[in-house]
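Printed here is final-v9.cif (mmCIF, C-alpha atoms):
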```
data_upload
loop_
_atom_site.label_atom_id
_atom_site.label_comp_id
_atom_site.auth_asym_id
_atom_site.auth_seq_id
_atom_site.Cartn_x
_atom_site.Cartn_y
_atom_site.Cartn_z
CA MET A 1367 17.12 -33.16 -37.07
CA ASN A 1368 19.44 -35.26 -34.90
CA ALA A 1369 22.19 -34.93 -37.51
CA ALA A 1370 21.77 -31.15 -37.57
CA VAL A 1371 21.90 -30.94 -33.77
CA ALA A 1372 25.03 -33.09 -33.67
CA PHE A 1373 26.60 -30.96 -36.42
CA VAL A 1374 26.03 -27.81 -34.36
CA ARG A 1375 26.95 -29.22 -30.95
CA CYS A 1376 30.24 -30.74 -32.05
CA ARG A 1377 31.33 -27.28 -33.14
CA ASN A 1378 30.56 -25.78 -29.70
CA LEU A 1379 28.18 -23.24 -31.21
CA PRO A 1380 26.07 -22.86 -28.04
CA ARG A 1381 29.14 -21.89 -26.01
CA ALA A 1382 30.36 -19.47 -28.68
CA THR A 1383 26.90 -17.94 -28.95
CA GLY A 1384 26.79 -17.41 -25.20
CA LEU A 1385 30.14 -15.66 -25.24
CA ALA A 1386 29.17 -13.49 -28.20
CA LEU A 1387 25.90 -12.65 -26.44
CA LEU A 1388 27.83 -11.37 -23.42
CA VAL A 1389 29.86 -9.14 -25.73
CA ALA A 1390 26.67 -7.93 -27.41
CA LEU A 1391 25.07 -7.13 -24.04
CA ALA A 1392 28.15 -5.13 -23.05
CA ALA A 1393 27.95 -3.26 -26.35
CA THR A 1394 24.27 -2.60 -25.68
CA ALA A 1395 25.09 -1.16 -22.26
CA PHE A 1396 27.54 1.25 -23.92
CA ALA A 1397 25.46 1.87 -27.01
CA GLY A 1398 25.68 5.62 -26.57
CA GLN A 1399 29.48 5.68 -26.36
CA ARG A 1400 31.92 6.27 -29.19
CA VAL A 1401 35.43 4.98 -29.84
CA ALA A 1402 38.00 7.63 -30.83
CA LEU A 1403 40.39 6.50 -33.55
CA PRO A 1404 44.07 7.16 -32.71
CA GLU A 1405 45.02 8.32 -36.22
CA PHE A 1406 48.83 8.29 -36.46
CA ARG A 1407 49.32 10.56 -39.47
CA TYR A 1408 47.02 13.51 -38.91
CA LEU A 1409 45.50 15.46 -36.06
CA VAL A 1410 41.88 14.50 -36.60
CA ASP A 1411 38.83 14.07 -34.41
CA PHE A 1412 37.17 10.95 -35.79
CA SER A 1413 35.19 8.46 -33.76
CA VAL A 1414 32.71 5.65 -34.36
CA PRO A 1415 29.97 4.21 -32.15
CA VAL A 1416 30.91 1.22 -30.01
CA ALA A 1417 28.23 -0.81 -31.81
CA GLU A 1418 30.17 -0.47 -35.08
CA VAL A 1419 33.39 -1.87 -33.58
CA VAL A 1420 31.96 -4.81 -31.62
CA PRO A 1421 31.06 -6.80 -34.78
CA LEU A 1422 34.75 -7.63 -35.05
CA ALA A 1423 34.45 -9.63 -31.81
CA HIS A 1424 31.24 -11.35 -32.93
CA ALA A 1425 32.86 -12.45 -36.17
CA VAL A 1426 35.96 -13.86 -34.50
CA ILE A 1427 34.05 -15.69 -31.77
CA LEU A 1428 31.60 -17.32 -34.17
CA ALA A 1429 34.34 -18.28 -36.63
CA THR A 1430 36.04 -20.40 -33.97
CA THR A 1431 33.13 -22.84 -34.37
CA LEU A 1432 34.16 -23.76 -37.91
CA PHE A 1433 36.40 -26.55 -36.64
CA SER A 1434 34.85 -29.96 -36.09
CA PRO A 1435 36.54 -32.69 -34.02
CA MET A 1436 34.49 -35.15 -36.13
CA ALA A 1437 35.79 -33.84 -39.46
CA ASP A 1438 37.18 -37.22 -40.53
CA LEU A 1439 33.79 -38.87 -39.99
CA GLU A 1440 32.05 -36.05 -41.82
CA GLN A 1441 34.32 -36.58 -44.81
CA THR A 1442 33.12 -40.18 -45.11
CA SER A 1443 29.48 -39.44 -44.36
CA ALA A 1444 26.85 -40.75 -46.76
CA GLN A 1445 25.05 -37.40 -46.53
CA PRO A 1446 26.28 -34.41 -48.61
CA MET A 1447 28.09 -32.40 -45.92
CA SER A 1448 28.52 -29.36 -48.16
CA ARG A 1449 24.79 -28.74 -47.74
CA HIS A 1450 25.11 -28.88 -43.97
CA ARG A 1451 28.12 -26.59 -44.07
CA GLY A 1452 26.27 -24.08 -46.23
CA ALA A 1453 23.27 -24.07 -43.88
CA TYR A 1454 25.62 -23.72 -40.91
CA LEU A 1455 27.36 -20.69 -42.43
CA LEU A 1456 23.99 -19.03 -43.01
CA THR A 1457 23.15 -19.77 -39.38
CA LEU A 1458 26.35 -18.06 -38.26
CA LEU A 1459 25.49 -15.04 -40.39
CA ALA A 1460 21.98 -14.83 -38.95
CA LEU A 1461 23.36 -15.10 -35.41
CA ALA A 1462 25.94 -12.40 -36.08
CA LEU A 1463 23.30 -10.04 -37.46
CA ALA A 1464 20.96 -10.72 -34.53
CA LEU A 1465 23.71 -9.97 -32.03
CA THR A 1466 24.57 -6.80 -33.92
CA ALA A 1467 20.95 -5.66 -33.63
CA LEU A 1468 20.86 -5.78 -29.83
CA PRO A 1469 22.15 -2.18 -29.34
CA LEU A 1470 18.97 -1.01 -31.07
CA LEU A 1471 17.20 -1.87 -27.81
CA ALA A 1472 19.32 0.72 -26.03
CA GLY A 1473 18.65 3.49 -28.51
CA ALA A 1474 21.19 2.89 -31.24
CA THR A 1475 20.02 4.38 -34.52
CA ALA A 1476 19.13 2.50 -37.68
CA ALA A 1477 22.16 4.05 -39.37
CA VAL A 1478 24.46 2.66 -36.67
CA PHE A 1479 22.88 -0.77 -37.05
CA ALA A 1480 23.29 -0.65 -40.83
CA SER A 1481 27.02 0.10 -40.47
CA ALA A 1482 27.42 -2.54 -37.76
CA ALA A 1483 25.59 -5.14 -39.88
CA ARG A 1484 27.85 -4.39 -42.85
CA ASN A 1485 30.91 -4.66 -40.63
CA VAL A 1486 29.91 -7.99 -39.12
CA VAL A 1487 29.29 -9.40 -42.59
CA GLY A 1488 32.73 -8.31 -43.80
CA TYR A 1489 34.65 -9.34 -40.70
CA LEU A 1490 32.87 -12.69 -40.55
CA GLY A 1491 34.01 -13.30 -44.11
CA LEU A 1492 37.58 -12.46 -43.13
CA ALA A 1493 37.35 -14.67 -40.05
CA MET A 1494 36.11 -17.61 -42.13
CA LEU A 1495 39.00 -17.13 -44.54
CA SER A 1496 41.41 -16.97 -41.63
CA ALA A 1497 39.97 -20.14 -40.11
CA ARG A 1498 40.33 -21.93 -43.42
CA LEU A 1499 43.90 -20.77 -44.08
CA PHE A 1500 45.41 -20.82 -40.59
CA GLY A 1501 43.03 -22.88 -38.43
CA SER A 1502 39.99 -21.95 -36.37
CA GLY A 1503 42.23 -21.05 -33.44
CA LEU A 1504 43.58 -18.21 -35.57
CA SER A 1505 40.26 -17.00 -36.93
CA TRP A 1506 41.12 -13.61 -35.44
CA LEU A 1507 44.25 -13.14 -37.56
CA LEU A 1508 42.91 -11.68 -40.82
CA PRO A 1509 40.23 -9.54 -39.13
CA LEU A 1510 42.85 -7.95 -36.89
CA VAL A 1511 45.29 -7.56 -39.78
CA VAL A 1512 42.60 -5.47 -41.49
CA PHE A 1513 41.25 -3.73 -38.39
CA GLY A 1514 44.67 -2.58 -37.11
CA PRO A 1515 45.58 -0.40 -40.10
CA THR A 1516 41.97 0.79 -40.30
CA LEU A 1517 42.11 1.94 -36.68
CA LEU A 1518 45.48 3.66 -36.98
CA LEU A 1519 45.58 4.84 -40.60
CA GLY A 1520 42.00 4.80 -41.84
CA VAL A 1521 41.17 8.51 -41.62
CA ARG A 1522 42.32 11.23 -44.02
CA ALA A 1523 43.44 14.72 -43.09
CA ASP A 1524 39.96 16.09 -43.92
CA ASN A 1525 38.46 13.85 -41.19
CA THR A 1526 36.87 11.41 -43.63
CA PRO A 1527 37.61 7.67 -43.98
CA GLU A 1528 40.17 6.45 -46.46
CA PRO A 1529 38.58 4.73 -49.50
CA TRP A 1530 40.02 1.36 -48.39
CA ALA A 1531 38.82 1.70 -44.76
CA TRP A 1532 35.43 0.19 -45.57
CA SER A 1533 34.37 -0.47 -41.98
CA LEU A 1534 34.54 3.28 -41.20
CA HIS A 1535 32.40 4.38 -44.11
CA PRO A 1536 28.83 5.60 -43.57
CA PRO A 1537 26.01 3.09 -44.08
CA THR A 1538 25.15 4.74 -47.40
CA SER A 1539 28.49 3.70 -48.94
CA THR A 1540 27.75 1.27 -51.76
CA SER A 1541 31.40 0.36 -52.26
CA ALA A 1542 31.85 -0.56 -48.58
CA ALA A 1543 28.71 -2.72 -48.63
CA ALA A 1544 29.83 -4.42 -51.82
CA LEU A 1545 33.29 -5.16 -50.40
CA ALA A 1546 31.85 -6.56 -47.16
CA THR A 1547 29.49 -8.79 -49.14
CA ALA A 1548 32.34 -9.98 -51.36
CA LEU A 1549 34.43 -10.83 -48.29
CA TRP A 1550 31.59 -12.88 -46.81
CA LEU A 1551 30.93 -14.75 -50.06
CA THR A 1552 34.63 -15.53 -50.45
CA GLY A 1553 34.94 -16.68 -46.84
CA ALA A 1554 31.78 -18.74 -47.06
CA TYR A 1555 32.97 -20.46 -50.24
CA ALA A 1556 36.31 -21.29 -48.62
CA ALA A 1557 34.63 -22.62 -45.48
CA ALA A 1558 31.95 -24.61 -47.29
CA THR A 1559 34.13 -26.29 -49.90
CA ALA A 1560 37.11 -27.31 -47.78
CA ARG A 1561 37.47 -28.61 -44.25
CA PRO A 1562 38.58 -25.83 -41.89
CA ARG A 1563 41.33 -26.88 -39.53
CA GLN A 1564 42.70 -25.85 -36.18
CA THR A 1565 46.17 -24.46 -35.70
CA GLU A 1566 49.00 -26.89 -36.40
CA ARG A 1567 49.74 -27.22 -32.71
CA ALA A 1568 46.16 -28.27 -32.00
CA GLU A 1569 46.26 -30.79 -34.84
CA HIS A 1570 49.36 -32.48 -33.43
CA ASP A 1571 47.96 -32.74 -29.88
#
```
What does this structure look like when you write it as structure tokens?
Amino acid sequence: MNAAVAFVRCRNLPRATGLALLVALAATAFAGQRVALPEFRYLVDFSVPVAEVVPLAHAVILATTLFSPMADLEQTSAQPMSRHRGAYLLTLLALALALTALPLLAGATAAVFASAARNVVGYLGLAMLSARLFGSGLSWLLPLVVFGPTLLLGVRADNTPEPWAWSLHPPTSTSAAALATALWLTGAYAAATARPRQTERAEHD
């Protein structure tokens, strides 16, 4: 138990969880609001609930905890750290889903929660990939690279989401759920099998 506590604390998970909780509470306060998408190509009237957009923030905040200042010691540990990493990634997923569920307390529908849960799974996968490739300080990079085009170009002229804009699809979309799951599995594999790093600047400090 002490090893597990140390594993979590050295990654600043409590602080990240507190910050993500504040974001979740703000989303809960505005659970009835919608975000209009500024589609650049067509004159459309497409919007999504705030609760379906906020998972992007949860994913990025929690992914910053993938860096460990004790990584060198963990590499030489007698215990199999891959098991700890795997358990930690499942913990992050559970936290992200719990935070995503908070708007239900303010009247968000089950359909909104289902879409938000799918989105947090997919964006957390992207954030884990980003943390592995570019450092935990840039865990936001891949999620925003995906979210930007989705926000600006993700709606067709008939006011329906583009096939590739998975985070805008209704909760009944099997393809969107499958893609989000695949992103999480890929990100989790990358994070569990190799040591995530900070940005190069942070490594040199």
Please produce, as CSV, a per-residue contact table for stretch 1394-1417 of chain A versus stretch 1474-1483 of chain A (criterion: any atom at most 12 Å away, all atoms listed in the file considered), showing the nearest atom pair and its distance in Å to one decimal, sorted by chain then residue number.
```
residue,atom,partner,partner_atom,distance
A:Thr1394,CA,A:Ala1474,CA,8.4
A:Ala1395,CA,A:Ala1474,CA,10.6
A:Phe1396,CA,A:Ala1474,CA,9.8
A:Ala1397,CA,A:Ala1474,CA,6.1
A:Gly1398,CA,A:Ala1474,CA,7.0
A:Gln1399,CA,A:Ala1474,CA,10.0
A:Arg1400,CA,A:Val1478,CA,11.2
A:Val1414,CA,A:Val1478,CA,9.1
A:Pro1415,CA,A:Val1478,CA,7.3
A:Val1416,CA,A:Ala1482,CA,9.3
A:Ala1417,CA,A:Ala1482,CA,6.2
```
Next on the checklist: I need the residue nearest A:Glu1405 from this list: A:Gly1488, A:Pro1515, A:Gly1384, A:Pro1421. Use only C-alpha atoms for the distance.
Outcome noted: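 Answer, going by the shortest atom-to-atom distance: A:Pro1515.
Take the candidates A:Leu1545, A:Leu1463, A:Leu1470, A:Ala1425 and check each one against A:Leu1508 using all atoms listed in the file; the shortest distance goes to A:Ala1425.
Rounded to one decimal, atom CA of A:Arg1377 and atom CA of A:Ala1467 lie 24.0 Å from each other.
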Item to check | One-decimal distance in Å that lies between atom CA of A:Leu1495 and atom CA of A:Val1426 | outcome: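 Pair atom CA of A:Val1426 / atom CA of A:Leu1495 returns 11.0 Å.
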Item to check | Chain and number of each residue from the PyMOL selection byres ((chain A and resi 1548-1561) around 8), as an NGL selection string | outcome: :A and (1432-1433 or 1437 or 1448 or 1451-1452 or 1455 or 1487-1495 or 1497-1498 or 1544-1547 or 1562-1563)
Item to check | Residues within 8 Å of A:His1424, only C-alpha atoms, excluding chain neighbours under 3 positions, as a list of chain:residue names | outcome: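 Once the nearby chain positions are removed, what remains is A:Ala1386, A:Val1389, A:Ala1390, A:Val1420, A:Pro1421, A:Ile1427, A:Leu1428, A:Ala1462, A:Leu1465, A:Val1486, A:Leu1490.
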